[in-house]
Amino acid sequence: MEFNRIIPFLVMPLLLITVEIGALALSPLMQEAGISAFENPQNVENIFLFIVILLAFTGFLLLLIKFGFKRVISLVIGASIFFTFVYIFSAIVYAAMGGTDISVLLTLLLSILATVILYLYPEWYVIDVLGILIAAGVASIFGRSLDYTLVVILLIILAVYDAISVYKTKHMITLAEGVIDLKTPILFVVPKKRDYSFIREGIGKLSEGGERSAFIMGMGDLIMPSILVVSANVFIEGYRILGFINLPAIGAIVGSLAGLVVLLYFVSSGRPQAGLPPLNGGTIIGFALGLGLMRLLTFL
């Protein structure tokens, strides 16, 4: 394999671990700012609410794609991205400046600027850099809002759903193609060649398979493993390396990278693959091994 074809397989693990570390770094800022998705992290109903919202949003976008409402899709996703930036920047600005009127104004300005940049210049490196911030922010919010036991259950359910939606019903491929056609910045793009431009070339039809000039990863593929990383670090007490991260979270990170290696092996075939089964599976196994090792060391 030529070196330029190896680079994407090195970049994607780097994206994953950057999102995970970023989510860990943002989680205390979210806590300080009082930003949370659910009031009670241990309430089982949180899982069902998460899934219902996910299915409703997915179904809504599929309907819009079916009837050709492209402008509405762009507006809906744009609004979602903007409000996500608001939560992320509010936590960062609050940590730096406190809850002043100036901090509120700065949060709005940064959120508007980031959203506008994504839509006016959706080049692959812009999408990836701001996508890391979005994915890390979302993972930090949900990671500190859901107990790790519930996260494990959620990841299993979503892995099964992802497999069905890609290999059986194929509606996730339809959704991905609709998003790509609009060049909507809710994915990660990793070029296979140096002069690649997402604005000029796009990706092409995923359902057609074959050679493409870039790999793509859904933002959820990086967010979901990172949620367990954050949850493990927030809700499990124990020794933290450098006072920052515990063994279950480290195990989840290592497991997610192992799952990504498995995913990339199948992705190299050029056919669309469900990312969550290997990613979530690897993350859960790594988390369990890290938790077991921590308990063993505590016992000894």
# chains A, B, ... in the order shown; residues from 1 in each chain; ligands from 1

$ residues_around --residues "stretch 220-228 of chain A" --least-positions-apart "5" --cutoff "8 Å" --atoms "only C-alpha atoms" --output "PyMOL selection string"
chain A and resi 16+19-20+23+135-136+138-140+142-143+148+151-152+155+249+252-253+256+275-276+279-280+283-284

$ select_by_dssp --residues "stretch 133-241 of chain A" --states "strand (DSSP E or B)" --output "list in words"
Leu187, Phe188, Val189, Val190, Pro191, Ala214, Phe215, Ile216, Met217, Gly218, Arg240 and Ile241 of chain A

$ atom_distance --atom1 "atom CA of A:Leu263" --atom2 "atom CA of A:Ala176"
17.4 Å

$ residues_around --residues "A:Val129" --least-positions-apart "3" --cutoff "12 Å" --atoms "only C-alpha atoms" --output "list in words"
Leu15, Thr18, Val19, Gly22, Ala114, Ile117, Leu118, Pro122, Glu123, Trp124, Tyr125, Val126, Ile132, Leu133, Ile134, Ala135, Ala136, Pro185, Ile186, Leu187, Phe188, Val189 and Val190 of chain A

$ write_last_selection --atoms "C-alpha atoms" --output "compact mmCIF listing (two decimals), in the first residue's frame"
# COMPACT_ATOMS: atom_id res chain seq x y z
CA LEU A 15 -9.44 12.07 15.02
CA THR A 18 -8.59 13.80 19.77
CA VAL A 19 -12.38 13.82 20.21
CA GLY A 22 -11.29 16.83 24.01
CA ALA A 114 -18.26 28.99 13.68
CA ILE A 117 -17.62 29.40 8.52
CA LEU A 118 -18.89 25.83 8.26
CA PRO A 122 -17.24 23.65 3.99
CA GLU A 123 -13.78 22.45 3.00
CA TRP A 124 -12.73 19.13 4.50
CA TYR A 125 -10.21 20.56 6.98
CA VAL A 126 -12.70 23.18 8.22
CA ILE A 132 -13.81 17.72 16.52
CA LEU A 133 -15.12 20.56 18.70
CA ILE A 134 -18.76 19.59 18.05
CA ALA A 135 -18.18 15.87 18.69
CA ALA A 136 -16.13 16.50 21.83
CA PRO A 185 -20.87 19.57 7.81
CA ILE A 186 -21.97 16.78 10.16
CA LEU A 187 -19.34 14.21 9.21
CA PHE A 188 -15.59 13.81 9.10
CA VAL A 189 -13.81 13.78 5.75
CA VAL A 190 -10.34 12.23 5.33

$ atom_distance --atom1 "atom CA of A:Ser165" --atom2 "atom CA of A:Gly255"
23.6 Å

$ residues_around --residues "A:Ile157" --least-positions-apart "4" --cutoff "12 Å" --atoms "only C-alpha atoms" --output "ChimeraX atom specification"
/A:47-48,50-51,150-153,161-164,224,276-277,280-281

$ select_by_dssp --residues "stretch 50-190 of chain A" --states "helix (DSSP H, G or I)" --output "VMD selection string"
chain A and resid 50 to 66 70 to 97 101 to 120 124 to 143 148 to 168 171 to 181

$ residues_around --residues "A:Asn40" --least-positions-apart "5" --cutoff "10 Å" --atoms "only C-alpha atoms" --output "JSON, numbers by chain"
{"A": [45, 46, 145, 146, 147]}

$ write_last_selection --atoms "C-alpha atoms" --output "PDB file, in the first residue's frame"
ATOM      1  CA  GLU A  45     -35.805   6.565  30.998  1.00  0.00           C
ATOM      2  CA  ASN A  46     -32.910   8.676  29.714  1.00  0.00           C
ATOM      3  CA  SER A 145     -25.372  13.194  31.972  1.00  0.00           C
ATOM      4  CA  LEU A 146     -25.560   9.375  31.790  1.00  0.00           C
ATOM      5  CA  ASP A 147     -24.231   6.821  34.247  1.00  0.00           C
TER       6      ASP A 147
END

$ residues_around --residues "A:Leu10" --least-positions-apart "2" --cutoff "12 Å" --atoms "only C-alpha atoms" --output "compact mmCIF listing (two decimals) with C-alpha atoms, in the first residue's frame"
# COMPACT_ATOMS: atom_id res chain seq x y z
CA PHE A 3 2.16 5.89 1.81
CA ASN A 4 -0.48 8.38 0.67
CA ARG A 5 -3.06 5.62 0.94
CA ILE A 6 -1.90 4.76 4.46
CA ILE A 7 -2.29 8.33 5.74
CA PRO A 8 -6.12 8.21 6.04
CA MET A 12 -8.92 8.51 11.52
CA PRO A 13 -7.57 7.03 14.79
CA LEU A 14 -6.03 10.44 15.50
CA LEU A 15 -9.44 12.07 15.02
CA LEU A 16 -11.04 9.57 17.40
CA ILE A 17 -8.54 10.00 20.19
CA VAL A 190 -10.34 12.23 5.33
CA PRO A 191 -8.82 12.77 1.85
CA LYS A 192 -6.91 10.05 0.04
CA LEU A 257 -9.10 2.39 18.79
CA LEU A 260 -11.67 1.40 14.70
CA VAL A 261 -8.86 -0.79 13.35
CA LEU A 264 -10.99 0.35 8.81

$ atom_distance --atom1 "atom CA of A:Val254" --atom2 "atom CA of A:Ile285"
9.5 Å

$ residues_around --residues "A:Asp181" --least-positions-apart "6" --cutoff "12 Å" --atoms "only C-alpha atoms" --output "NGL selection string"
:A and (65 or 68 or 70-71 or 73-74 or 174-175 or 198-206)

$ closest_residue --among "A:Phe89, A:Phe67, A:Leu24, A:Met294" --to "A:Val229" --atoms "only C-alpha atoms"
A:Leu24

$ decode --residues "stretch 103-240 of chain A" --atoms "C-alpha atoms" --output "PDB file, in the first residue's frame"
ATOM      1  CA  SER A 103     -19.584  36.316  28.134  1.00  0.00           C
ATOM      2  CA  VAL A 104     -23.115  35.768  26.806  1.00  0.00           C
ATOM      3  CA  LEU A 105     -22.441  38.105  23.895  1.00  0.00           C
ATOM      4  CA  LEU A 106     -19.080  36.459  23.182  1.00  0.00           C
ATOM      5  CA  THR A 107     -20.701  33.009  23.227  1.00  0.00           C
ATOM      6  CA  LEU A 108     -23.270  34.086  20.642  1.00  0.00           C
ATOM      7  CA  LEU A 109     -20.637  35.730  18.433  1.00  0.00           C
ATOM      8  CA  LEU A 110     -18.365  32.661  18.503  1.00  0.00           C
ATOM      9  CA  SER A 111     -21.297  30.330  17.797  1.00  0.00           C
ATOM     10  CA  ILE A 112     -22.489  32.416  14.858  1.00  0.00           C
ATOM     11  CA  LEU A 113     -18.960  32.739  13.469  1.00  0.00           C
ATOM     12  CA  ALA A 114     -18.262  28.988  13.682  1.00  0.00           C
ATOM     13  CA  THR A 115     -21.602  28.101  12.058  1.00  0.00           C
ATOM     14  CA  VAL A 116     -21.146  30.650   9.270  1.00  0.00           C
ATOM     15  CA  ILE A 117     -17.622  29.400   8.521  1.00  0.00           C
ATOM     16  CA  LEU A 118     -18.886  25.830   8.262  1.00  0.00           C
ATOM     17  CA  TYR A 119     -21.595  26.782   5.788  1.00  0.00           C
ATOM     18  CA  LEU A 120     -19.758  29.378   3.720  1.00  0.00           C
ATOM     19  CA  TYR A 121     -16.546  27.372   3.388  1.00  0.00           C
ATOM     20  CA  PRO A 122     -17.236  23.655   3.992  1.00  0.00           C
ATOM     21  CA  GLU A 123     -13.785  22.453   3.002  1.00  0.00           C
ATOM     22  CA  TRP A 124     -12.731  19.135   4.496  1.00  0.00           C
ATOM     23  CA  TYR A 125     -10.211  20.565   6.984  1.00  0.00           C
ATOM     24  CA  VAL A 126     -12.699  23.183   8.215  1.00  0.00           C
ATOM     25  CA  ILE A 127     -15.324  20.474   8.690  1.00  0.00           C
ATOM     26  CA  ASP A 128     -12.867  18.220  10.519  1.00  0.00           C
ATOM     27  CA  VAL A 129     -11.482  20.869  12.889  1.00  0.00           C
ATOM     28  CA  LEU A 130     -14.868  22.264  13.902  1.00  0.00           C
ATOM     29  CA  GLY A 131     -16.302  18.733  13.823  1.00  0.00           C
ATOM     30  CA  ILE A 132     -13.812  17.719  16.522  1.00  0.00           C
ATOM     31  CA  LEU A 133     -15.118  20.559  18.700  1.00  0.00           C
ATOM     32  CA  ILE A 134     -18.759  19.587  18.053  1.00  0.00           C
ATOM     33  CA  ALA A 135     -18.180  15.866  18.690  1.00  0.00           C
ATOM     34  CA  ALA A 136     -16.129  16.501  21.830  1.00  0.00           C
ATOM     35  CA  GLY A 137     -18.740  18.926  23.146  1.00  0.00           C
ATOM     36  CA  VAL A 138     -21.687  16.601  22.539  1.00  0.00           C
ATOM     37  CA  ALA A 139     -19.831  13.626  24.037  1.00  0.00           C
ATOM     38  CA  SER A 140     -18.900  15.631  27.128  1.00  0.00           C
ATOM     39  CA  ILE A 141     -22.510  16.732  27.698  1.00  0.00           C
ATOM     40  CA  PHE A 142     -24.033  13.261  27.361  1.00  0.00           C
ATOM     41  CA  GLY A 143     -21.087  11.547  29.057  1.00  0.00           C
ATOM     42  CA  ARG A 144     -21.578  13.543  32.245  1.00  0.00           C
ATOM     43  CA  SER A 145     -25.372  13.194  31.972  1.00  0.00           C
ATOM     44  CA  LEU A 146     -25.560   9.375  31.790  1.00  0.00           C
ATOM     45  CA  ASP A 147     -24.231   6.821  34.247  1.00  0.00           C
ATOM     46  CA  TYR A 148     -21.734   4.442  32.645  1.00  0.00           C
ATOM     47  CA  THR A 149     -24.056   1.444  33.077  1.00  0.00           C
ATOM     48  CA  LEU A 150     -26.744   3.191  31.038  1.00  0.00           C
ATOM     49  CA  VAL A 151     -24.170   4.242  28.451  1.00  0.00           C
ATOM     50  CA  VAL A 152     -23.105   0.617  27.934  1.00  0.00           C
ATOM     51  CA  ILE A 153     -26.735  -0.387  27.352  1.00  0.00           C
ATOM     52  CA  LEU A 154     -27.227   2.571  25.001  1.00  0.00           C
ATOM     53  CA  LEU A 155     -24.113   1.715  22.969  1.00  0.00           C
ATOM     54  CA  ILE A 156     -25.266  -1.882  22.531  1.00  0.00           C
ATOM     55  CA  ILE A 157     -28.702  -0.772  21.320  1.00  0.00           C
ATOM     56  CA  LEU A 158     -27.219   1.784  18.933  1.00  0.00           C
ATOM     57  CA  ALA A 159     -24.723  -0.736  17.529  1.00  0.00           C
ATOM     58  CA  VAL A 160     -27.569  -3.105  16.672  1.00  0.00           C
ATOM     59  CA  TYR A 161     -29.605  -0.247  15.193  1.00  0.00           C
ATOM     60  CA  ASP A 162     -26.652   0.936  13.105  1.00  0.00           C
ATOM     61  CA  ALA A 163     -26.076  -2.544  11.688  1.00  0.00           C
ATOM     62  CA  ILE A 164     -29.753  -2.890  10.740  1.00  0.00           C
ATOM     63  CA  SER A 165     -29.928   0.603   9.224  1.00  0.00           C
ATOM     64  CA  VAL A 166     -26.827   0.081   7.066  1.00  0.00           C
ATOM     65  CA  TYR A 167     -27.043  -3.579   6.035  1.00  0.00           C
ATOM     66  CA  LYS A 168     -30.777  -4.323   6.182  1.00  0.00           C
ATOM     67  CA  THR A 169     -32.996  -1.279   5.670  1.00  0.00           C
ATOM     68  CA  LYS A 170     -30.104   0.806   4.253  1.00  0.00           C
ATOM     69  CA  HIS A 171     -31.859   4.008   5.310  1.00  0.00           C
ATOM     70  CA  MET A 172     -28.672   5.248   6.994  1.00  0.00           C
ATOM     71  CA  ILE A 173     -26.919   5.120   3.622  1.00  0.00           C
ATOM     72  CA  THR A 174     -29.755   7.175   2.124  1.00  0.00           C
ATOM     73  CA  LEU A 175     -29.417   9.686   4.942  1.00  0.00           C
ATOM     74  CA  ALA A 176     -25.636   9.883   4.556  1.00  0.00           C
ATOM     75  CA  GLU A 177     -25.917  10.426   0.793  1.00  0.00           C
ATOM     76  CA  GLY A 178     -28.460  13.197   1.318  1.00  0.00           C
ATOM     77  CA  VAL A 179     -26.182  14.928   3.808  1.00  0.00           C
ATOM     78  CA  ILE A 180     -23.151  14.537   1.526  1.00  0.00           C
ATOM     79  CA  ASP A 181     -25.008  15.894  -1.522  1.00  0.00           C
ATOM     80  CA  LEU A 182     -25.789  19.054   0.449  1.00  0.00           C
ATOM     81  CA  LYS A 183     -22.198  19.187   1.725  1.00  0.00           C
ATOM     82  CA  THR A 184     -23.675  19.478   5.207  1.00  0.00           C
ATOM     83  CA  PRO A 185     -20.869  19.568   7.812  1.00  0.00           C
ATOM     84  CA  ILE A 186     -21.967  16.780  10.163  1.00  0.00           C
ATOM     85  CA  LEU A 187     -19.340  14.214   9.209  1.00  0.00           C
ATOM     86  CA  PHE A 188     -15.589  13.807   9.097  1.00  0.00           C
ATOM     87  CA  VAL A 189     -13.806  13.782   5.752  1.00  0.00           C
ATOM     88  CA  VAL A 190     -10.343  12.228   5.329  1.00  0.00           C
ATOM     89  CA  PRO A 191      -8.824  12.767   1.853  1.00  0.00           C
ATOM     90  CA  LYS A 192      -6.913  10.054   0.038  1.00  0.00           C
ATOM     91  CA  LYS A 193      -4.991  12.556  -2.080  1.00  0.00           C
ATOM     92  CA  ARG A 194      -3.206  15.805  -1.319  1.00  0.00           C
ATOM     93  CA  ASP A 195      -5.136  18.104  -3.676  1.00  0.00           C
ATOM     94  CA  TYR A 196      -8.600  16.841  -2.700  1.00  0.00           C
ATOM     95  CA  SER A 197     -11.376  19.419  -2.215  1.00  0.00           C
ATOM     96  CA  PHE A 198     -14.678  18.491  -0.600  1.00  0.00           C
ATOM     97  CA  ILE A 199     -16.266  21.641  -2.025  1.00  0.00           C
ATOM     98  CA  ARG A 200     -15.314  20.757  -5.618  1.00  0.00           C
ATOM     99  CA  GLU A 201     -15.482  16.967  -5.600  1.00  0.00           C
ATOM    100  CA  GLY A 202     -17.768  15.852  -2.774  1.00  0.00           C
ATOM    101  CA  ILE A 203     -17.726  12.111  -2.093  1.00  0.00           C
ATOM    102  CA  GLY A 204     -20.026  10.474  -4.604  1.00  0.00           C
ATOM    103  CA  LYS A 205     -22.778   7.920  -4.071  1.00  0.00           C
ATOM    104  CA  LEU A 206     -22.008   5.583  -1.184  1.00  0.00           C
ATOM    105  CA  SER A 207     -24.388   2.938  -2.505  1.00  0.00           C
ATOM    106  CA  GLU A 208     -22.365   2.617  -5.709  1.00  0.00           C
ATOM    107  CA  GLY A 209     -19.229   1.512  -3.898  1.00  0.00           C
ATOM    108  CA  GLY A 210     -15.962   1.633  -5.806  1.00  0.00           C
ATOM    109  CA  GLU A 211     -12.976   3.928  -5.377  1.00  0.00           C
ATOM    110  CA  ARG A 212     -13.593   7.369  -3.868  1.00  0.00           C
ATOM    111  CA  SER A 213     -11.187  10.239  -3.309  1.00  0.00           C
ATOM    112  CA  ALA A 214     -11.914  10.500   0.418  1.00  0.00           C
ATOM    113  CA  PHE A 215     -13.122   8.469   3.371  1.00  0.00           C
ATOM    114  CA  ILE A 216     -15.984   9.715   5.506  1.00  0.00           C
ATOM    115  CA  MET A 217     -16.982   8.961   9.077  1.00  0.00           C
ATOM    116  CA  GLY A 218     -20.270   9.917  10.620  1.00  0.00           C
ATOM    117  CA  MET A 219     -19.942  12.242  13.585  1.00  0.00           C
ATOM    118  CA  GLY A 220     -21.843   9.718  15.688  1.00  0.00           C
ATOM    119  CA  ASP A 221     -19.090   7.158  15.092  1.00  0.00           C
ATOM    120  CA  LEU A 222     -16.734   9.316  17.155  1.00  0.00           C
ATOM    121  CA  ILE A 223     -19.288  10.691  19.604  1.00  0.00           C
ATOM    122  CA  MET A 224     -20.741   7.408  20.889  1.00  0.00           C
ATOM    123  CA  PRO A 225     -17.477   5.777  22.073  1.00  0.00           C
ATOM    124  CA  SER A 226     -16.426   9.118  23.583  1.00  0.00           C
ATOM    125  CA  ILE A 227     -19.613   9.249  25.686  1.00  0.00           C
ATOM    126  CA  LEU A 228     -18.541   6.077  27.514  1.00  0.00           C
ATOM    127  CA  VAL A 229     -15.011   7.447  27.949  1.00  0.00           C
ATOM    128  CA  VAL A 230     -16.380  10.567  29.658  1.00  0.00           C
ATOM    129  CA  SER A 231     -19.012   8.712  31.700  1.00  0.00           C
ATOM    130  CA  ALA A 232     -16.435   6.238  33.001  1.00  0.00           C
ATOM    131  CA  ASN A 233     -14.152   9.077  34.013  1.00  0.00           C
ATOM    132  CA  VAL A 234     -16.918  11.102  35.679  1.00  0.00           C
ATOM    133  CA  PHE A 235     -18.868   8.424  37.542  1.00  0.00           C
ATOM    134  CA  ILE A 236     -16.189   5.923  38.581  1.00  0.00           C
ATOM    135  CA  GLU A 237     -14.083   6.899  41.567  1.00  0.00           C
ATOM    136  CA  GLY A 238     -10.502   5.761  41.731  1.00  0.00           C
ATOM    137  CA  TYR A 239      -6.898   6.614  40.963  1.00  0.00           C
ATOM    138  CA  ARG A 240      -6.466   8.976  38.026  1.00  0.00           C
TER     139      ARG A 240
END
